[in-house]
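What follows is the content of start.cif, which has mmCIF, C-alpha atoms:
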```cif
data_model
#
loop_
_atom_site.label_atom_id
_atom_site.label_comp_id
_atom_site.auth_asym_id
_atom_site.auth_seq_id
_atom_site.Cartn_x
_atom_site.Cartn_y
_atom_site.Cartn_z
CA MET A 579 0.00 0.00 0.00
CA PRO A 580 1.54 3.36 -0.95
CA GLN A 581 2.40 5.74 1.85
CA ASP A 582 1.37 9.38 1.72
CA HIS A 583 4.16 11.91 1.63
CA ILE A 584 3.92 13.54 5.05
CA THR A 585 3.95 17.33 4.97
CA ALA A 586 2.78 19.90 7.48
CA GLU A 587 -0.28 20.54 5.30
CA ARG A 588 -1.08 16.82 5.18
CA LEU A 589 -0.84 16.60 8.99
CA VAL A 590 -3.22 19.56 9.32
CA ASP A 591 -5.66 17.85 6.91
CA ARG A 592 -5.50 14.66 8.99
CA GLU A 593 -6.37 16.63 12.13
CA LYS A 594 -9.27 18.35 10.36
CA ILE A 595 -10.62 14.96 9.28
CA LYS A 596 -10.25 13.62 12.84
CA THR A 597 -12.17 16.65 14.13
CA LEU A 598 -14.90 16.06 11.54
CA LYS A 599 -15.27 12.48 12.78
CA ALA A 600 -15.35 13.61 16.41
CA GLN A 601 -18.11 16.08 15.55
CA TYR A 602 -20.06 13.31 13.82
CA CYS A 603 -20.04 11.20 17.00
CA ARG A 604 -20.84 14.13 19.30
CA PHE A 605 -23.63 15.62 17.17
CA LEU A 606 -25.20 12.17 16.74
CA ASP A 607 -25.08 11.39 20.47
CA THR A 608 -26.31 14.84 21.53
CA LYS A 609 -29.09 14.81 18.90
CA GLN A 610 -27.89 17.98 17.13
CA TRP A 611 -29.40 16.97 13.80
CA GLU A 612 -28.90 20.27 11.93
CA LYS A 613 -25.23 20.43 12.89
CA LEU A 614 -24.84 16.76 11.98
CA ARG A 615 -26.35 17.42 8.54
CA GLY A 616 -23.81 20.20 7.99
CA LEU A 617 -20.96 17.67 8.08
CA PHE A 618 -22.05 16.00 4.82
CA LEU A 619 -21.87 16.97 1.19
CA ASP A 620 -25.32 17.13 -0.40
CA GLU A 621 -24.44 14.15 -2.61
CA ALA A 622 -23.12 12.00 0.25
CA VAL A 623 -24.30 8.36 0.25
CA PHE A 624 -24.65 5.82 3.04
CA GLU A 625 -24.40 2.05 3.38
CA GLY A 626 -24.96 -0.32 6.30
CA PHE A 627 -26.94 1.93 8.65
CA GLY A 628 -30.07 0.83 10.53
CA SER A 629 -31.38 4.39 10.35
CA ALA A 630 -31.32 4.67 6.57
CA PRO A 631 -31.31 2.19 3.69
CA THR A 632 -28.22 1.70 1.56
CA GLY A 633 -27.94 4.44 -1.05
CA SER A 634 -29.62 7.05 1.15
CA THR A 635 -28.77 10.71 0.72
CA ALA A 636 -27.57 12.95 3.54
CA ASP A 637 -31.10 14.29 4.05
CA GLN A 638 -32.54 10.76 4.18
CA PHE A 639 -29.86 9.67 6.64
CA ILE A 640 -30.57 12.61 8.97
CA ALA A 641 -34.34 12.05 8.73
CA GLY A 642 -33.90 8.35 9.54
CA ALA A 643 -31.40 8.88 12.36
CA SER A 644 -33.44 11.61 14.01
CA ALA A 645 -36.67 9.59 13.83
CA ARG A 646 -35.04 6.42 15.10
CA LEU A 647 -32.60 7.75 17.68
CA GLN A 648 -34.22 10.89 19.14
CA GLU A 649 -35.39 9.01 22.26
CA ALA A 650 -32.50 6.53 22.31
CA LEU A 651 -29.41 6.70 24.46
CA THR A 652 -26.44 6.48 22.09
CA VAL A 653 -22.69 6.48 22.62
CA HIS A 654 -20.40 6.39 19.59
CA HIS A 655 -16.63 5.99 19.89
CA CYS A 656 -14.31 5.95 16.88
CA HIS A 657 -10.59 5.46 17.11
CA MET A 658 -7.46 4.11 15.41
CA ALA A 659 -7.94 6.08 12.20
CA GLU A 660 -6.19 4.92 9.05
CA ILE A 661 -6.36 7.93 6.72
CA ALA A 662 -5.11 7.95 3.12
CA PHE A 663 -5.21 10.78 0.60
CA ALA A 664 -6.09 10.21 -3.06
CA SER A 665 -5.48 13.89 -3.86
CA PRO A 666 -5.10 17.15 -1.93
CA ASP A 667 -8.92 17.39 -1.68
CA ARG A 668 -9.99 13.74 -1.40
CA ALA A 669 -9.31 11.21 1.35
CA ARG A 670 -10.57 7.93 2.75
CA ALA A 671 -10.37 6.50 6.24
CA VAL A 672 -11.14 3.35 8.16
CA TRP A 673 -12.08 3.87 11.81
CA ALA A 674 -12.50 1.19 14.44
CA MET A 675 -15.80 1.85 16.20
CA VAL A 676 -17.91 0.90 19.19
CA ASP A 677 -21.47 2.08 19.64
CA VAL A 678 -24.05 1.58 22.33
CA VAL A 679 -27.68 2.12 21.34
CA GLU A 680 -30.39 1.72 23.97
CA PHE A 681 -33.99 2.47 23.08
CA LEU A 682 -35.67 4.11 26.05
CA ASP A 683 -39.04 4.39 24.28
CA GLY A 684 -39.73 0.67 23.83
CA LYS A 685 -38.50 0.41 20.22
CA GLU A 686 -36.85 -2.84 19.24
CA PRO A 687 -33.53 -2.60 17.40
CA ILE A 688 -33.40 -4.24 13.99
CA GLU A 689 -29.78 -5.15 14.82
CA ALA A 690 -30.82 -7.20 17.91
CA PRO A 691 -34.47 -8.36 17.67
CA GLY A 692 -36.10 -8.96 21.05
CA ALA A 693 -33.61 -6.75 22.87
CA ARG A 694 -33.82 -3.21 24.21
CA GLY A 695 -30.61 -2.18 22.48
CA PHE A 696 -27.13 -3.33 21.61
CA THR A 697 -23.43 -2.69 21.76
CA GLY A 698 -21.87 -2.90 18.34
CA PHE A 699 -18.27 -3.28 17.24
CA GLY A 700 -16.92 -2.77 13.77
CA HIS A 701 -15.56 -0.23 11.33
CA TYR A 702 -16.58 2.95 9.56
CA GLU A 703 -15.27 3.39 6.04
CA ASP A 704 -15.54 7.08 5.22
CA GLU A 705 -14.72 9.10 2.15
CA TYR A 706 -14.07 12.83 2.45
CA ARG A 707 -13.83 15.72 0.05
CA ARG A 708 -12.61 19.21 0.68
CA VAL A 709 -14.91 21.78 -0.92
CA ASP A 710 -14.30 25.51 -0.51
CA GLY A 711 -11.56 24.70 1.99
CA ILE A 712 -13.77 22.57 4.28
CA TRP A 713 -13.57 18.78 4.70
CA ARG A 714 -16.97 17.02 4.55
CA PHE A 715 -18.18 13.43 4.38
CA ALA A 716 -18.77 12.24 0.80
CA SER A 717 -19.76 8.70 1.82
CA LYS A 718 -20.09 6.57 4.95
CA ARG A 719 -20.16 2.79 5.21
CA LEU A 720 -20.70 0.93 8.49
CA SER A 721 -19.64 -2.69 8.84
CA ARG A 722 -20.19 -4.59 12.06
CA ILE A 723 -18.08 -7.45 13.34
CA ARG A 724 -20.08 -8.12 16.48
CA ILE A 725 -23.35 -7.09 18.10
CA ASP A 726 -24.07 -7.76 21.77
CA PRO A 727 -27.79 -7.36 22.58
CA ILE A 728 -28.92 -5.43 25.66
CA PRO A 729 -31.58 -7.75 27.08
CA SER A 730 -35.02 -6.26 27.63
CA ASP A 731 -34.97 -7.32 31.29
CA GLN A 732 -31.62 -5.64 32.03
CA PRO A 733 -32.00 -2.53 34.22
CA ALA A 734 -32.15 0.68 32.19
CA ALA A 735 -29.06 2.80 31.85
CA LEU A 736 -28.67 5.65 34.31
CA THR A 737 -29.19 8.89 32.41
CA ASN A 738 -29.63 11.45 35.20
CA ARG A 739 -26.09 12.80 34.86
CA LEU A 740 -24.65 16.17 33.91
CA LYS A 741 -25.47 16.74 30.24
CA ALA A 742 -22.92 17.92 27.69
CA HIS A 743 -23.04 21.53 26.55
CA ALA A 744 -24.65 21.64 23.11
CA ASP A 745 -22.18 24.28 21.91
CA TRP A 746 -19.18 24.18 24.27
CA ILE A 747 -16.77 24.77 21.37
CA GLY A 748 -18.99 27.38 19.74
CA PHE A 749 -16.23 29.88 19.09
CA GLY A 750 -15.51 28.84 15.51
CA ALA A 751 -16.21 25.09 15.29
CA ALA A 752 -18.84 23.81 12.89
#
```

For this file, write the structure as structure tokens.
Amino acid sequence: MPQDHITAERLVDREKIKTLKAQYCRFLDTKQWEKLRGLFLDEAVFEGFGSAPTGSTADQFIAGASARLQEALTVHHCHMAEIAFASPDRARAVWAMVDVVEFLDGKEPIEAPGARGFTGFGHYEDEYRRVDGIWRFASKRLSRIRIDPIPSDQPAALTNRLKAHADWIGFGAA
């Protein structure tokens, strides 16, 4: 596999892509749907998501995620990024991921029928494009290696904790 030539600009681009991914997880978990939508190109496509069928657009993905997850407790962690650049304005990455999805409104997850939720393990395969100087998602693919159901009779997660600020980094972040 060819290695990217590492320059200061390339390192900055890598950090911007990592920040984009962090925002994806935070906006999804804090239900900031409009901000989440702003991370995607209009022509972005999706594959492998329970909230939207394969081939969905960014608008369809946001509509599906917000309808499905608004009352769910979600925690998304992505780490160990492998980022490669096809050009100065196009990149791909593979991210190891763990997510916890617990439906507090009685919904049953399609990923774990009969359960209240699940913990999933797998990988995100993302493609990014820089347009007008800003990195955005051009496509997202989610593959799962393992899903551990959260049994319906397990005690509910404790959610009466200090909530995150919706706009803690509001001084210039997307």

Can you tell me which residues surround stretch 637-649 of chain A at a distance of at most 10 Å, considering only C-alpha atoms, apart from same-chain residues fewer than 5 positions away, and format the answer as a CSV table (one decimal) with C-alpha atoms, in the coordinates of the input?
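Saved file selection39.csv follows:
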```csv
chain,number,residue,atom,x,y,z
A,606,LEU,CA,-25.2,12.2,16.7
A,607,ASP,CA,-25.1,11.4,20.5
A,608,THR,CA,-26.3,14.8,21.5
A,609,LYS,CA,-29.1,14.8,18.9
A,610,GLN,CA,-27.9,18.0,17.1
A,611,TRP,CA,-29.4,17.0,13.8
A,612,GLU,CA,-28.9,20.3,11.9
A,614,LEU,CA,-24.8,16.8,12.0
A,615,ARG,CA,-26.4,17.4,8.5
A,618,PHE,CA,-22.0,16.0,4.8
A,620,ASP,CA,-25.3,17.1,-0.4
A,621,GLU,CA,-24.4,14.2,-2.6
A,622,ALA,CA,-23.1,12.0,0.2
A,623,VAL,CA,-24.3,8.4,0.2
A,624,PHE,CA,-24.6,5.8,3.0
A,625,GLU,CA,-24.4,2.0,3.4
A,627,PHE,CA,-26.9,1.9,8.6
A,628,GLY,CA,-30.1,0.8,10.5
A,629,SER,CA,-31.4,4.4,10.4
A,630,ALA,CA,-31.3,4.7,6.6
A,631,PRO,CA,-31.3,2.2,3.7
A,632,THR,CA,-28.2,1.7,1.6
A,679,VAL,CA,-27.7,2.1,21.3
A,680,GLU,CA,-30.4,1.7,24.0
A,681,PHE,CA,-34.0,2.5,23.1
A,682,LEU,CA,-35.7,4.1,26.0
A,683,ASP,CA,-39.0,4.4,24.3
A,684,GLY,CA,-39.7,0.7,23.8
A,685,LYS,CA,-38.5,0.4,20.2
A,687,PRO,CA,-33.5,-2.6,17.4
```

How big is the axis-aligned box, and where does its centre sit, when it encloses all atoms of stretch 606-622 of chain A listed in the file and has 3 Å added on every side, reported in Å to one decimal as JSON?
```
{"center_x": -25.2, "center_y": 15.9, "center_z": 9.5, "size_x": 14.4, "size_y": 15.0, "size_z": 30.1}
```

Neighbouring residues of A:His654 were defined as those with any atom within 7 Å, considering all atoms listed in the file; residues of the same chain fewer than 4 positions away were excluded. Please report them as an MDAnalysis selection string. chainID A and resid 603 607 676:678

Evaluate the PyMOL selection byres ((chain A and resi 722) around 9) on the structure here and hand back the selected residues as a ChimeraX atom specification. /A:626,675,698-702,720-721,723-725

With C-alpha atoms retained, could you export that selection as a short mmCIF file (atom, residue, chain, number, x, y, z; two decimals), in the coordinates of the input?
```cif
data_model
loop_
_atom_site.label_atom_id
_atom_site.label_comp_id
_atom_site.auth_asym_id
_atom_site.auth_seq_id
_atom_site.Cartn_x
_atom_site.Cartn_y
_atom_site.Cartn_z
CA GLY A 626 -24.96 -0.32 6.30
CA MET A 675 -15.80 1.85 16.20
CA GLY A 698 -21.87 -2.90 18.34
CA PHE A 699 -18.27 -3.28 17.24
CA GLY A 700 -16.92 -2.77 13.77
CA HIS A 701 -15.56 -0.23 11.33
CA TYR A 702 -16.58 2.95 9.56
CA LEU A 720 -20.70 0.93 8.49
CA SER A 721 -19.64 -2.69 8.84
CA ILE A 723 -18.08 -7.45 13.34
CA ARG A 724 -20.08 -8.12 16.48
CA ILE A 725 -23.35 -7.09 18.10
#
```

Spell out the residues picked by the PyMOL selection byres ((chain A and resi 582-589) around 9) here, as a PDB file with C-alpha atoms, in the coordinates of the input.
```
ATOM      1  CA  PRO A 580       1.540   3.360  -0.950  1.00  0.00           C
ATOM      2  CA  GLN A 581       2.400   5.740   1.850  1.00  0.00           C
ATOM      3  CA  VAL A 590      -3.220  19.560   9.320  1.00  0.00           C
ATOM      4  CA  ASP A 591      -5.660  17.850   6.910  1.00  0.00           C
ATOM      5  CA  ARG A 592      -5.500  14.660   8.990  1.00  0.00           C
ATOM      6  CA  GLU A 593      -6.370  16.630  12.130  1.00  0.00           C
ATOM      7  CA  LYS A 594      -9.270  18.350  10.360  1.00  0.00           C
ATOM      8  CA  ALA A 662      -5.110   7.950   3.120  1.00  0.00           C
ATOM      9  CA  PHE A 663      -5.210  10.780   0.600  1.00  0.00           C
ATOM     10  CA  ALA A 664      -6.090  10.210  -3.060  1.00  0.00           C
ATOM     11  CA  PRO A 666      -5.100  17.150  -1.930  1.00  0.00           C
TER      12      PRO A 666
END
```

Which residue of A:Thr597, A:Thr697, A:Ser730, A:Ser634 approaches A:Val653 most closely, using only C-alpha atoms: A:Thr697
